[in-house]
Amino acid sequence: MSIDVEDWFQVENLKAVIARDTWDERELRVERNTDRMLELMRERGVKCTCFILGWVADKRPGLIKRIAAEGHEIACHGYGHGLVYSLTREQFAQDLARATGLIRDLTGAKVRGYRAPSFSITDWAIDVLREQGYEYDSSAFPTVAHDRYGKLEGMRAGVPIVEIRPGFHEVCISCVQLGSKGVPWGGGGYFRLFPWPLFRWGVRRILGSGTPYVFYIHPWEIDAGQPRVGGLKRSHAFRHYVNLGRCESRWAALLDAFRWSPMIDLLDDWKRSRPAGD
Ligand SMILES: [Zn+2]
């Protein structure tokens, strides 16, 4: 289980109408929404991985400390949410170092995992992650094409965790195989769009094939009261707003329906169960 801890105005679908330099004027809702998610997990004894946006850690350091104190894994989502493949290597290295330092100082623990904004991972970024001490990335959907998802060398269709560099793993977001197509089944608009019995069927199918299931969600997805912005492309408005009102109860049902762990526990178990280099 993973949560990308960022606020409603920081998502790619709203970028065309919400300029980066207006973030400071926006209503911060991430703390309240994340606290609600922590409560839902606490009630169920679920531990997850929170990929923290550095900008949020800057504004709400107490929230990051609370997440860590509850035993969730603290991982990194970069600082400014720029798409990785739109940055230079140097810009990415600076953005990552800023976020990593902030998060590590708040928790006192090594940050081992990274997720790229809007899954925009690319090969040279893996080398930067390794240079800065990271052990895994979780940004790839190995079997699907999407207008802005990144791509990585060394991925294999249907293999959920891949050692893409010595000692460094990619932990893929889950897809369900339907015929020759891999359909993203790890969260986002898909989770809110499909009927719940269908979504649950897909998760069971993935688990039934003997592979782990990786899910992601954002705090703004359980916030039907978030400010609505006009002027969006219809496809972007649909992806962002579809079924927000029923997302919290559905996520609670998902938490109840399966056993969950932080990403790092999944990875450590995976490594233990396989000889090095396999
Ligand atoms: Zn994000």
# chains A, B, ... in the order shown; residues from 1 in each chain; ligands from 1
call {"tool": "residues_near_ligand", "arguments": {"ligand": "ligand 1", "cutoff": "10 Å", "atoms": "only C-alpha atoms and all ligand atoms", "output": "NGL selection string"}}
result
:A and (3-8 or 10-12 or 51-53 or 77-78 or 80-83 or 115-120 or 217-218)
call {"tool": "closest_atom_pairs", "arguments": {"of": "range 119-206 of chain A", "to": "range 232-250 of chain A", "cutoff": "12 Å", "atoms": "only C-alpha atoms", "output": "Markdown table"}}
result
| residue | atom | partner | partner_atom | distance |
| --- | --- | --- | --- | --- |
| A:Asp147 | CA | A:His236 | CA | 11.9 |
| A:Gly187 | CA | A:Cys247 | CA | 10.7 |
| A:Gly188 | CA | A:Arg239 | CA | 8.1 |
| A:Gly189 | CA | A:Arg239 | CA | 5.4 |
| A:Tyr190 | CA | A:Arg239 | CA | 8.5 |
| A:Phe191 | CA | A:Cys247 | CA | 8.3 |
| A:Arg192 | CA | A:Asn243 | CA | 5.6 |
| A:Leu193 | CA | A:Val242 | CA | 6.6 |
| A:Phe194 | CA | A:Asn243 | CA | 9.8 |
| A:Pro195 | CA | A:Arg250 | CA | 10.0 |
| A:Trp196 | CA | A:Arg250 | CA | 7.3 |
| A:Pro197 | CA | A:Arg250 | CA | 10.6 |
| A:Phe199 | CA | A:Arg250 | CA | 10.2 |
| A:Arg200 | CA | A:Arg250 | CA | 10.3 |
call {"tool": "write_last_selection", "arguments": {"atoms": "C-alpha atoms", "output": "CSV table (one decimal), in the first residue's frame"}}
result
chain,number,residue,atom,x,y,z
A,147,ASP,CA,0.8,9.7,-22.7
A,187,GLY,CA,-5.1,3.0,-8.3
A,188,GLY,CA,-5.8,6.5,-9.5
A,189,GLY,CA,-8.7,7.3,-11.8
A,190,TYR,CA,-9.0,3.6,-12.6
A,191,PHE,CA,-9.7,2.7,-8.9
A,192,ARG,CA,-12.4,5.3,-8.7
A,193,LEU,CA,-13.9,4.6,-12.1
A,194,PHE,CA,-14.3,0.8,-12.2
A,195,PRO,CA,-17.2,-0.8,-10.2
A,196,TRP,CA,-15.8,-2.1,-6.9
A,197,PRO,CA,-16.5,-5.8,-7.5
A,199,PHE,CA,-11.7,-3.8,-9.2
A,200,ARG,CA,-11.5,-6.3,-6.4
call {"tool": "closest_residue", "arguments": {"among": "A:Ile126, A:Leu63, A:Ile264, A:Cys175", "to": "Leu207 in chain A", "atoms": "only C-alpha atoms"}}
result
A:Cys175
call {"tool": "select_by_dssp", "arguments": {"residues": "range 119-276 of chain A", "states": "helix (DSSP H, G or I)", "output": "NGL selection string"}}
result
:A and (119 or 123-131 or 189-193 or 196-208 or 219-222 or 234-241 or 244-257 or 263-272)
call {"tool": "residues_around", "arguments": {"residues": "Arg165 in chain A", "least_positions_apart": "4", "cutoff": "9 Å", "atoms": "only C-alpha atoms", "output": "list in words"}}
result
Ile126, Asp127, Arg130, Gly154 and His169 of chain A
call {"tool": "residues_around", "arguments": {"residues": "Tyr213 in chain A", "least_positions_apart": "4", "cutoff": "7 Å", "atoms": "only C-alpha atoms", "output": "PyMOL selection string"}}
result
chain A and resi 174+203+206-207
call {"tool": "write_last_selection", "arguments": {"atoms": "N, CA, C and O atoms", "output": "PDB file, in the first residue's frame"}}
result
ATOM      1  N   SER A 174       0.901  -2.182 -10.135  1.00  0.00           N
ATOM      2  CA  SER A 174       0.275  -3.376 -10.693  1.00  0.00           C
ATOM      3  C   SER A 174      -0.569  -3.095 -11.941  1.00  0.00           C
ATOM      4  O   SER A 174      -1.224  -2.073 -12.061  1.00  0.00           O
ATOM      5  N   VAL A 203      -7.673  -7.351  -8.490  1.00  0.00           N
ATOM      6  CA  VAL A 203      -6.644  -7.509  -7.448  1.00  0.00           C
ATOM      7  C   VAL A 203      -6.479  -8.991  -7.106  1.00  0.00           C
ATOM      8  O   VAL A 203      -5.356  -9.506  -7.001  1.00  0.00           O
ATOM      9  N   ILE A 206      -4.495 -10.744  -9.787  1.00  0.00           N
ATOM     10  CA  ILE A 206      -3.054 -10.483  -9.705  1.00  0.00           C
ATOM     11  C   ILE A 206      -2.436 -11.312  -8.577  1.00  0.00           C
ATOM     12  O   ILE A 206      -1.434 -12.004  -8.764  1.00  0.00           O
ATOM     13  N   LEU A 207      -3.063 -11.280  -7.397  1.00  0.00           N
ATOM     14  CA  LEU A 207      -2.536 -12.040  -6.261  1.00  0.00           C
ATOM     15  C   LEU A 207      -2.589 -13.537  -6.541  1.00  0.00           C
ATOM     16  O   LEU A 207      -1.683 -14.282  -6.159  1.00  0.00           O
TER      17      LEU A 207
END
call {"tool": "closest_residue", "arguments": {"among": "A:Val111, A:Leu255, A:Leu152, A:Ile121", "to": "Gly45 in chain A", "atoms": "only C-alpha atoms"}}
result
A:Leu255
call {"tool": "residues_around", "arguments": {"residues": "Gln132 in chain A", "least_positions_apart": "3", "cutoff": "10 Å", "atoms": "only C-alpha atoms", "output": "PyMOL selection string"}}
result
chain A and resi 93+96-97+100+111-112+126-129+135
call {"tool": "closest_residue", "arguments": {"among": "A:Gly113, A:Pro184, A:Gly133, A:Pro219", "to": "Val56 in chain A", "atoms": "only C-alpha atoms"}}
result
A:Pro219
call {"tool": "closest_residue", "arguments": {"among": "A:Tyr114, A:Met1, A:Gly158, A:Ala68", "to": "Val214 in chain A", "atoms": "only C-alpha atoms"}}
result
A:Met1
call {"tool": "select_by_dssp", "arguments": {"residues": "range 52-209 of chain A", "states": "strand (DSSP E or B)", "output": "list in words"}}
result
Ile52, Glu73, Ile74, Ala75, Cys76, Gly113, Tyr114, Tyr136, Asp137, Ile161, Val162, Glu163, Ile164, Arg165, Phe168, His169, Glu170, Val171, Cys175, Val176, Gln177, Leu178, Lys181, Gly182, Val183, Pro184 and Gly187 of chain A
call {"tool": "write_last_selection", "arguments": {"atoms": "N, CA, C and O atoms", "output": "compact mmCIF listing (two decimals), in the first residue's frame"}}
result
# COMPACT_ATOMS: atom_id res chain seq x y z
N ILE A 52 6.63 11.08 0.15
CA ILE A 52 6.38 12.45 0.59
C ILE A 52 6.93 13.45 -0.43
O ILE A 52 8.10 13.37 -0.83
N GLU A 73 6.34 3.57 6.43
CA GLU A 73 7.61 3.86 5.77
C GLU A 73 7.55 5.26 5.15
O GLU A 73 6.58 5.60 4.47
N ILE A 74 8.60 6.04 5.39
CA ILE A 74 8.70 7.37 4.77
C ILE A 74 9.63 7.27 3.57
O ILE A 74 10.81 6.96 3.71
N ALA A 75 9.07 7.52 2.39
CA ALA A 75 9.84 7.50 1.15
C ALA A 75 9.68 8.86 0.47
O ALA A 75 9.04 9.77 1.01
N CYS A 76 10.26 9.00 -0.71
CA CYS A 76 10.40 10.35 -1.30
C CYS A 76 9.70 10.46 -2.66
O CYS A 76 9.77 9.55 -3.49
N GLY A 113 13.28 4.61 -0.62
CA GLY A 113 12.43 4.45 -1.80
C GLY A 113 12.00 5.76 -2.43
O GLY A 113 11.86 6.78 -1.74
N TYR A 114 11.78 5.73 -3.72
CA TYR A 114 11.42 6.93 -4.49
C TYR A 114 10.29 6.59 -5.45
O TYR A 114 10.23 5.48 -5.99
N TYR A 136 15.35 1.58 -4.05
CA TYR A 136 14.31 1.17 -5.00
C TYR A 136 13.56 2.37 -5.53
O TYR A 136 13.53 3.45 -4.93
N ASP A 137 12.96 2.15 -6.71
CA ASP A 137 12.05 3.10 -7.32
C ASP A 137 10.73 2.37 -7.55
O ASP A 137 10.72 1.16 -7.79
N ILE A 161 8.77 -7.11 -9.71
CA ILE A 161 9.92 -6.50 -9.03
C ILE A 161 11.17 -6.93 -9.79
O ILE A 161 11.41 -8.13 -9.98
N VAL A 162 11.95 -5.95 -10.26
CA VAL A 162 13.10 -6.26 -11.10
C VAL A 162 14.33 -5.56 -10.54
O VAL A 162 14.28 -4.36 -10.23
N GLU A 163 15.44 -6.31 -10.44
CA GLU A 163 16.71 -5.69 -10.05
C GLU A 163 17.29 -5.04 -11.30
O GLU A 163 17.96 -5.68 -12.09
N ILE A 164 16.99 -3.75 -11.49
CA ILE A 164 17.38 -3.11 -12.76
C ILE A 164 18.82 -2.61 -12.76
O ILE A 164 19.36 -2.33 -13.83
N ARG A 165 19.43 -2.47 -11.57
CA ARG A 165 20.88 -2.20 -11.45
C ARG A 165 21.32 -3.04 -10.25
O ARG A 165 20.49 -3.37 -9.41
N PHE A 168 19.70 -2.44 -6.85
CA PHE A 168 18.64 -1.44 -6.98
C PHE A 168 17.46 -2.05 -7.73
O PHE A 168 17.62 -2.60 -8.81
N HIS A 169 16.28 -1.93 -7.12
CA HIS A 169 15.10 -2.59 -7.67
C HIS A 169 14.03 -1.62 -8.14
O HIS A 169 13.86 -0.54 -7.56
N GLU A 170 13.32 -2.02 -9.17
CA GLU A 170 12.09 -1.34 -9.57
C GLU A 170 10.92 -2.17 -9.07
O GLU A 170 10.84 -3.37 -9.34
N VAL A 171 10.04 -1.54 -8.29
CA VAL A 171 8.84 -2.21 -7.78
C VAL A 171 7.66 -1.63 -8.56
O VAL A 171 7.29 -0.47 -8.38
N CYS A 175 -0.50 -4.06 -12.84
CA CYS A 175 -1.37 -4.10 -14.01
C CYS A 175 -2.06 -5.46 -14.00
O CYS A 175 -1.52 -6.43 -13.49
N VAL A 176 -3.24 -5.52 -14.59
CA VAL A 176 -3.88 -6.80 -14.77
C VAL A 176 -3.80 -7.14 -16.26
O VAL A 176 -3.92 -6.26 -17.12
N GLN A 177 -3.49 -8.40 -16.54
CA GLN A 177 -3.33 -8.80 -17.93
C GLN A 177 -4.68 -9.22 -18.49
O GLN A 177 -5.31 -10.14 -18.01
N LEU A 178 -5.17 -8.49 -19.50
CA LEU A 178 -6.43 -8.83 -20.14
C LEU A 178 -6.12 -9.10 -21.61
O LEU A 178 -5.86 -8.17 -22.37
N LYS A 181 -3.18 -7.29 -23.46
CA LYS A 181 -2.98 -5.94 -22.91
C LYS A 181 -2.82 -5.94 -21.40
O LYS A 181 -3.54 -6.64 -20.70
N GLY A 182 -1.89 -5.13 -20.93
CA GLY A 182 -1.80 -4.88 -19.50
C GLY A 182 -2.60 -3.63 -19.17
O GLY A 182 -2.38 -2.58 -19.74
N VAL A 183 -3.54 -3.76 -18.25
CA VAL A 183 -4.37 -2.62 -17.88
C VAL A 183 -3.94 -2.15 -16.50
O VAL A 183 -3.84 -2.96 -15.57
N PRO A 184 -3.63 -0.84 -16.33
CA PRO A 184 -3.20 -0.35 -15.01
C PRO A 184 -4.27 -0.67 -13.97
O PRO A 184 -5.44 -0.34 -14.17
N GLY A 187 -4.53 1.86 -8.99
CA GLY A 187 -5.10 3.01 -8.30
C GLY A 187 -5.42 4.14 -9.25
O GLY A 187 -5.60 3.93 -10.44
